[in-house]
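Heads up, the thing below is written out as structure tokens.
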2 protein chains.
Amino acid sequence: MLEKWIVGVDLGGTTTKLAFVQENGELIYQWEIDTDNSDAGKNILKNISESINQKLTYLKKEKDILLGIGMGAPGAVDINKGIIYEAVNLGWENRFPVVQILSDLTGLPVVIDNDANCAALGEMWRGAGQGSKDLVCVTLGTGVGGGIIVNRKIVHGAKGAAGEIGHITVIPENGSPCNCGKTGCLETVASATGISRIAVEAVQNENVESLLKQTYEKNGTITAKDVFDCVRENDLLAKEIVNKVSFYLGLALANIGNGLNPEKIVIGGGVSKAGDTLLTPLLTYFKKFSFTPVAQSTSIDLATLGNNAGVIGAAWLIYDRK
Amino acid sequence: MLEKWIVGVDLGGTTTKLAFVQENGELIYQWEIDTDNSDAGKNILKNISESINQKLTYLKKEKDILLGIGMGAPGAVDINKGIIYEAVNLGWENRFPVVQILSDLTGLPVVIDNDANCAALGEMWRGAGQGSKDLVCVTLGTGVGGGIIVNRKIVHGAKGAAGEIGHITVIPENGSPCNCGKTGCLETVASATGISRIAVEAVQNENVESLLKQTYEKNGTITAKDVFDCVRENDLLAKEIVNKVSFYLGLALANIGNGLNPEKIVIGGGVSKAGDTLLTPLLTYFKKFSFTPVAQSTSIDLATLGNNAGVIGAAWLIYDRK
């Protein structure tokens with residue numbers, strides 16, 4: 001059988017990740033280019049097309065080795081029409097016709113989806129969710145993103161807003177404001193930004209000595225990583241904060257579990273690098289808030305693909321359309 | 001084309017509803033028989049088979065008009081293996097092989113699912129969810145049941161526990177105990193039983209005069225219907241209770257919406273007969289706790305099929321397997 005590759009693209013506001021991926025999901029070659037969002041982002045797709053051609057030349061391959069391009073994009077996507085409604089970071093607005101333009105430029109089939117959905121598909125294909133057909137991925141980064149997969153397909157919902165796990169309301173009264181306009185969203189407590197905010201508020205309000213307070217006095221801020229580092233040093237205040245974060249995250253994930261009973265809930269993103277320091281208290285609350293059969297059959301696992309989940313999952317979009 | 005019928009069966013602890021249903025989901029004829037759960041429920045399926053034969057004779061139809069039997073059953077179901085793990089009300093235990101026995105008795109194809117899932121499918125096929133492919137049904141009865149449909153298929157999850165909307169935790173701290181062993185489940189506040197409990201607690205703890213209190217003093221108890229009736233009489237205490245119920249139900253439904261962004265969330269069951277008295281405050285909280293695109297694109301509607309949803313949805317199981 002002739003070898004065929006899929007191009008996976010993970011489009012970000014500053015960097016675009018690209019990869020050639022085999023039909024079994026294995027990464028062949030990956031690279032990055034800057035995302036040029038000047039001039040309303042009109043160079044972005046041209047640069048991607050040219051970069052793919054250059055890389056093929058460099059690897060001494062013909063273009064006909066490529067089956068197509070799968071792309072994960074930030075912002076709300078209409079996958080059927082192949083448009084991005086708006087992506088502020090890229091300069092795109094007014095229903096930008098990504099699929100049309102990129103397939104005209106490359107002569108290849110193009111499929112797009114939201115970047116959080118692509119990360120979920122990547123983890124399903126080659127990561128922590130391998131072998132599962134029903135899984136939920138939660139990305140704890142600057143914000144909180146999510147992707148819900150039922151029967152190996154992303155759930156998009158009525159307006160492409162399915163999987164917005166970061167905007168599950170976990171503090172229905174007196175919660176902090178979220179960028180989305182609501183208050184008390186999961187994102188306000190379980191993102192890196194949210195954890196940092198909770199930590200800063202805690203040292204400002206608590207009059208006890210703590211390692212966390214020392215960190216704040218030294219650096220003028222506290223990162224999510226600082227909090228987890230302090231837990232490992234047995235700092236009580238840091239433990240309280242991680243307990244609080246785990247309470248809300250555990251509640252949200254248990255309620256997703258009570259609705260969908262997926263085989264796995266996969267946690268990725270920068271915050272997930274805390275590993276067991278987060279996972280141990282999280283599991284306690286997840287089990288506390290889960291219906292018994294869900295607690296017994298839905299597992300929580302750390303993502304394994306890191307930053308590669310996006311390009312691999314984007315490539316899945318082409319693999320899956322065959 | 002020859003007319004074909006599907007048998008829809010809605011198996012309950014005391015009554016079994018049966019119906020002949022056309023291939024477009026229209027009810028032809030429906031009837032009920034008692035559920036004989038004596039002798040570990042060994043007569044239940046035999047009675048169903050005989051009743052179907054009698055009804056065909058009565059209607060002067062041959063058995064070959066029947067395409068198959070779809071059945072909704074209480075309790076956890078393994079739809080692929082065609083077994084019911086356990087159904088205490090029926091006397092069945094230890095993975096009862098329903099499909100095998102009923103198809104041996106009738107010579108017809110048999111498909112089963114959980115009764116709440118069948119109600120959801122019924123509303124999708126011929127009820128409030130007609131035309132939708134992604135919808136969620138919530139049945140507010142003695143308990144709270146649910147069915148989640150993605151792309152016109154029920155989501156079953158890893159252990160058949162998907163759709164357990166009644167066990168979504170809405171009161172994470174100091175909630176009332178639920179039959180499932182957890183505390184603070186939606187069922188403890190939004191079922192008929194839960195609303196009654198909240199009302200009784202309220203009149204016992206509040207020292208204000210109210211119509212609700214008079215009802216309690218007269219009847220020794222308060223039903224969910226009493227509460228909604230008192231709201232229509234402008235009783236303040238009853239309004240507070242419905243507001244509280246709507247708050248928790250709105251929170252749970254908004255969070256389902258934030259995860260799945262279904263086209264519709266359909267509310268059925270006895271409590272839903274309250275109509276706008278429930279729906280109006282519910283919508284306020286649903287919108288408050290929903291991510292904006294979800295609030296704009298997921299609607300909440302009252303179920304329209306009433307008690308027929310189960311038999312119609314059960315018939316869908318056969319229609320859909322073709």
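Order determines the names: the first chain of the structure tokens is A, the second B, and so forth; residues in each chain are numbered 1 upward, and ligands are numbered 1 upward as they are shown.
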Per residue of chain A within 7 Å of chain B, what are the shortest atom pair and its distance in Å to one decimal, counting only C-alpha atoms, with rows by chain and residue number, as a Markdown table?
| residue | atom | partner | partner_atom | distance |
| --- | --- | --- | --- | --- |
| A:Asp134 | CA | B:Gly157 | CA | 6.8 |
| A:Val155 | CA | B:Leu260 | CA | 6.8 |
| A:Gly157 | CA | B:Asn261 | CA | 4.6 |
| A:Ala158 | CA | B:Glu263 | CA | 5.0 |
| A:Lys159 | CA | B:Ser297 | CA | 6.2 |
| A:Ala161 | CA | B:Asn261 | CA | 5.8 |
| A:Ala162 | CA | B:Leu260 | CA | 4.3 |
| A:Gly163 | CA | B:Gly259 | CA | 4.8 |
| A:Glu164 | CA | B:Asn258 | CA | 5.6 |
| A:Ile165 | CA | B:Gly259 | CA | 5.8 |
| A:His167 | CA | B:Phe291 | CA | 6.0 |
| A:Ile168 | CA | B:Asn255 | CA | 5.2 |
| A:Thr169 | CA | B:Phe289 | CA | 6.1 |
| A:Asn255 | CA | B:Ile168 | CA | 5.2 |
| A:Asn258 | CA | B:Glu164 | CA | 5.6 |
| A:Gly259 | CA | B:Gly163 | CA | 4.8 |
| A:Leu260 | CA | B:Ala162 | CA | 4.3 |
| A:Asn261 | CA | B:Gly157 | CA | 4.6 |
| A:Pro262 | CA | B:Gly157 | CA | 5.2 |
| A:Glu263 | CA | B:Ala158 | CA | 5.0 |
| A:Phe289 | CA | B:Thr169 | CA | 6.1 |
| A:Phe291 | CA | B:His167 | CA | 6.0 |
| A:Pro293 | CA | B:Ala161 | CA | 6.4 |
| A:Val294 | CA | B:Ala161 | CA | 6.4 |
| A:Ser297 | CA | B:Lys159 | CA | 6.2 |
| A:Thr298 | CA | B:Ala158 | CA | 6.9 |
Could you save those same residues with N, CA and C atoms as a PDB file, in the first residue's frame?
ATOM      1  N   ASP A 134     -16.432   6.754  23.876  1.00  0.00           N
ATOM      2  CA  ASP A 134     -17.123   7.855  24.557  1.00  0.00           C
ATOM      3  C   ASP A 134     -16.155   8.488  25.543  1.00  0.00           C
ATOM      4  N   VAL A 155     -19.396  15.925  19.764  1.00  0.00           N
ATOM      5  CA  VAL A 155     -20.746  16.490  19.887  1.00  0.00           C
ATOM      6  C   VAL A 155     -20.625  17.996  19.655  1.00  0.00           C
ATOM      7  N   GLY A 157     -23.586  20.095  18.914  1.00  0.00           N
ATOM      8  CA  GLY A 157     -24.757  20.783  19.454  1.00  0.00           C
ATOM      9  C   GLY A 157     -25.392  21.725  18.455  1.00  0.00           C
ATOM     10  N   ALA A 158     -26.439  22.398  18.928  1.00  0.00           N
ATOM     11  CA  ALA A 158     -27.281  23.205  18.051  1.00  0.00           C
ATOM     12  C   ALA A 158     -26.524  24.361  17.414  1.00  0.00           C
ATOM     13  N   LYS A 159     -25.621  24.993  18.157  1.00  0.00           N
ATOM     14  CA  LYS A 159     -24.940  26.172  17.625  1.00  0.00           C
ATOM     15  C   LYS A 159     -23.421  26.024  17.772  1.00  0.00           C
ATOM     16  N   ALA A 161     -21.857  25.032  20.236  1.00  0.00           N
ATOM     17  CA  ALA A 161     -21.406  25.428  21.576  1.00  0.00           C
ATOM     18  C   ALA A 161     -21.310  24.247  22.537  1.00  0.00           C
ATOM     19  N   ALA A 162     -21.499  23.020  22.045  1.00  0.00           N
ATOM     20  CA  ALA A 162     -21.318  21.872  22.932  1.00  0.00           C
ATOM     21  C   ALA A 162     -19.849  21.777  23.350  1.00  0.00           C
ATOM     22  N   GLY A 163     -19.608  21.176  24.493  1.00  0.00           N
ATOM     23  CA  GLY A 163     -18.238  21.012  24.982  1.00  0.00           C
ATOM     24  C   GLY A 163     -17.697  22.236  25.698  1.00  0.00           C
ATOM     25  N   GLU A 164     -18.551  23.220  25.947  1.00  0.00           N
ATOM     26  CA  GLU A 164     -18.070  24.436  26.627  1.00  0.00           C
ATOM     27  C   GLU A 164     -18.021  24.198  28.144  1.00  0.00           C
ATOM     28  N   ILE A 165     -17.176  23.249  28.490  1.00  0.00           N
ATOM     29  CA  ILE A 165     -17.088  22.796  29.872  1.00  0.00           C
ATOM     30  C   ILE A 165     -16.601  23.911  30.799  1.00  0.00           C
ATOM     31  N   HIS A 167     -17.542  26.772  30.856  1.00  0.00           N
ATOM     32  CA  HIS A 167     -18.634  27.679  31.225  1.00  0.00           C
ATOM     33  C   HIS A 167     -19.768  26.967  31.959  1.00  0.00           C
ATOM     34  N   ILE A 168     -19.493  25.770  32.429  1.00  0.00           N
ATOM     35  CA  ILE A 168     -20.404  25.137  33.385  1.00  0.00           C
ATOM     36  C   ILE A 168     -20.386  25.978  34.654  1.00  0.00           C
ATOM     37  N   THR A 169     -21.565  26.288  35.158  1.00  0.00           N
ATOM     38  CA  THR A 169     -21.669  27.103  36.371  1.00  0.00           C
ATOM     39  C   THR A 169     -21.437  26.221  37.601  1.00  0.00           C
ATOM     40  N   ASN A 255     -20.764  15.802  37.350  1.00  0.00           N
ATOM     41  CA  ASN A 255     -22.051  16.065  36.716  1.00  0.00           C
ATOM     42  C   ASN A 255     -22.018  15.791  35.220  1.00  0.00           C
ATOM     43  N   ASN A 258     -22.430  12.120  35.313  1.00  0.00           N
ATOM     44  CA  ASN A 258     -23.811  11.731  35.608  1.00  0.00           C
ATOM     45  C   ASN A 258     -24.702  11.889  34.380  1.00  0.00           C
ATOM     46  N   GLY A 259     -24.327  12.798  33.487  1.00  0.00           N
ATOM     47  CA  GLY A 259     -25.074  12.951  32.248  1.00  0.00           C
ATOM     48  C   GLY A 259     -24.657  11.942  31.197  1.00  0.00           C
ATOM     49  N   LEU A 260     -23.352  11.756  31.014  1.00  0.00           N
ATOM     50  CA  LEU A 260     -22.864  11.022  29.844  1.00  0.00           C
ATOM     51  C   LEU A 260     -22.196   9.684  30.150  1.00  0.00           C
ATOM     52  N   ASN A 261     -21.804   9.475  31.371  1.00  0.00           N
ATOM     53  CA  ASN A 261     -21.114   8.231  31.757  1.00  0.00           C
ATOM     54  C   ASN A 261     -20.049   7.823  30.726  1.00  0.00           C
ATOM     55  N   PRO A 262     -19.139   8.750  30.363  1.00  0.00           N
ATOM     56  CA  PRO A 262     -18.113   8.381  29.378  1.00  0.00           C
ATOM     57  C   PRO A 262     -17.150   7.353  29.972  1.00  0.00           C
ATOM     58  N   GLU A 263     -16.439   6.662  29.094  1.00  0.00           N
ATOM     59  CA  GLU A 263     -15.436   5.722  29.603  1.00  0.00           C
ATOM     60  C   GLU A 263     -14.338   6.472  30.351  1.00  0.00           C
ATOM     61  N   PHE A 289     -19.390  13.158  44.197  1.00  0.00           N
ATOM     62  CA  PHE A 289     -20.512  13.780  43.487  1.00  0.00           C
ATOM     63  C   PHE A 289     -21.061  12.930  42.342  1.00  0.00           C
ATOM     64  N   PHE A 291     -22.935   9.613  40.651  1.00  0.00           N
ATOM     65  CA  PHE A 291     -23.858   8.483  40.795  1.00  0.00           C
ATOM     66  C   PHE A 291     -22.992   7.207  40.826  1.00  0.00           C
ATOM     67  N   PRO A 293     -22.884   4.022  39.761  1.00  0.00           N
ATOM     68  CA  PRO A 293     -22.397   3.315  38.560  1.00  0.00           C
ATOM     69  C   PRO A 293     -21.431   4.168  37.724  1.00  0.00           C
ATOM     70  N   VAL A 294     -21.585   5.490  37.797  1.00  0.00           N
ATOM     71  CA  VAL A 294     -20.669   6.379  37.073  1.00  0.00           C
ATOM     72  C   VAL A 294     -19.307   6.387  37.773  1.00  0.00           C
ATOM     73  N   SER A 297     -17.497   3.356  36.728  1.00  0.00           N
ATOM     74  CA  SER A 297     -17.170   3.026  35.339  1.00  0.00           C
ATOM     75  C   SER A 297     -16.568   4.171  34.537  1.00  0.00           C
ATOM     76  N   THR A 298     -16.580   5.388  35.059  1.00  0.00           N
ATOM     77  CA  THR A 298     -15.949   6.510  34.359  1.00  0.00           C
ATOM     78  C   THR A 298     -14.627   6.825  35.064  1.00  0.00           C
TER      79      THR A 298
END
Near A:Thr188, within 7 Å and counting only C-alpha atoms, which residues show up once chain neighbours fewer than 4 positions away are dropped, as an NGL selection string? :A and (176 or 178 or 184 or 194)
Keeping only C-alpha atoms, take the residues you just selected and write them out as a tab-separated table (two decimals), in the first residue's frame.
chain	number	residue	atom	x	y	z
A	176	SER	CA	-16.42	35.62	40.17
A	178	CYS	CA	-16.00	35.16	33.73
A	184	GLY	CA	-19.16	31.39	38.68
A	194	GLY	CA	-8.48	31.21	38.13
I want to know what sits within 8 Å of A:Gly143, based on only C-alpha atoms, with residues of the same chain fewer than 5 positions away left out; could you give that as a PDB file with C-alpha atoms, in the first residue's frame?
ATOM      1  CA  GLY A 166     -15.291  25.916  31.063  1.00  0.00           C
ATOM      2  CA  GLU A 187     -13.058  28.577  34.173  1.00  0.00           C
ATOM      3  CA  SER A 191      -8.000  27.601  34.865  1.00  0.00           C
ATOM      4  CA  ALA A 192      -4.403  28.674  35.535  1.00  0.00           C
ATOM      5  CA  THR A 193      -5.737  32.230  35.720  1.00  0.00           C
TER       6      THR A 193
END
Top pick for closest residue to A:Val311, considering A:Tyr58, A:Tyr85, A:Trp125, A:Phe286 and counting only C-alpha atoms: A:Trp125
Go through stretch 32-99 of chain B and collect every residue that DSSP, computed from the backbone, puts in helix (DSSP H, G or I); the answer should be as a PyMOL selection string. chain B and resi 39-41+44-58+63-65+88-90+98-99
Could you pull the residues within 7 Å of B:Asn37, counting only C-alpha atoms, minus those fewer than 6 positions along the same chain, as a PyMOL selection string? chain B and resi 44+90-91
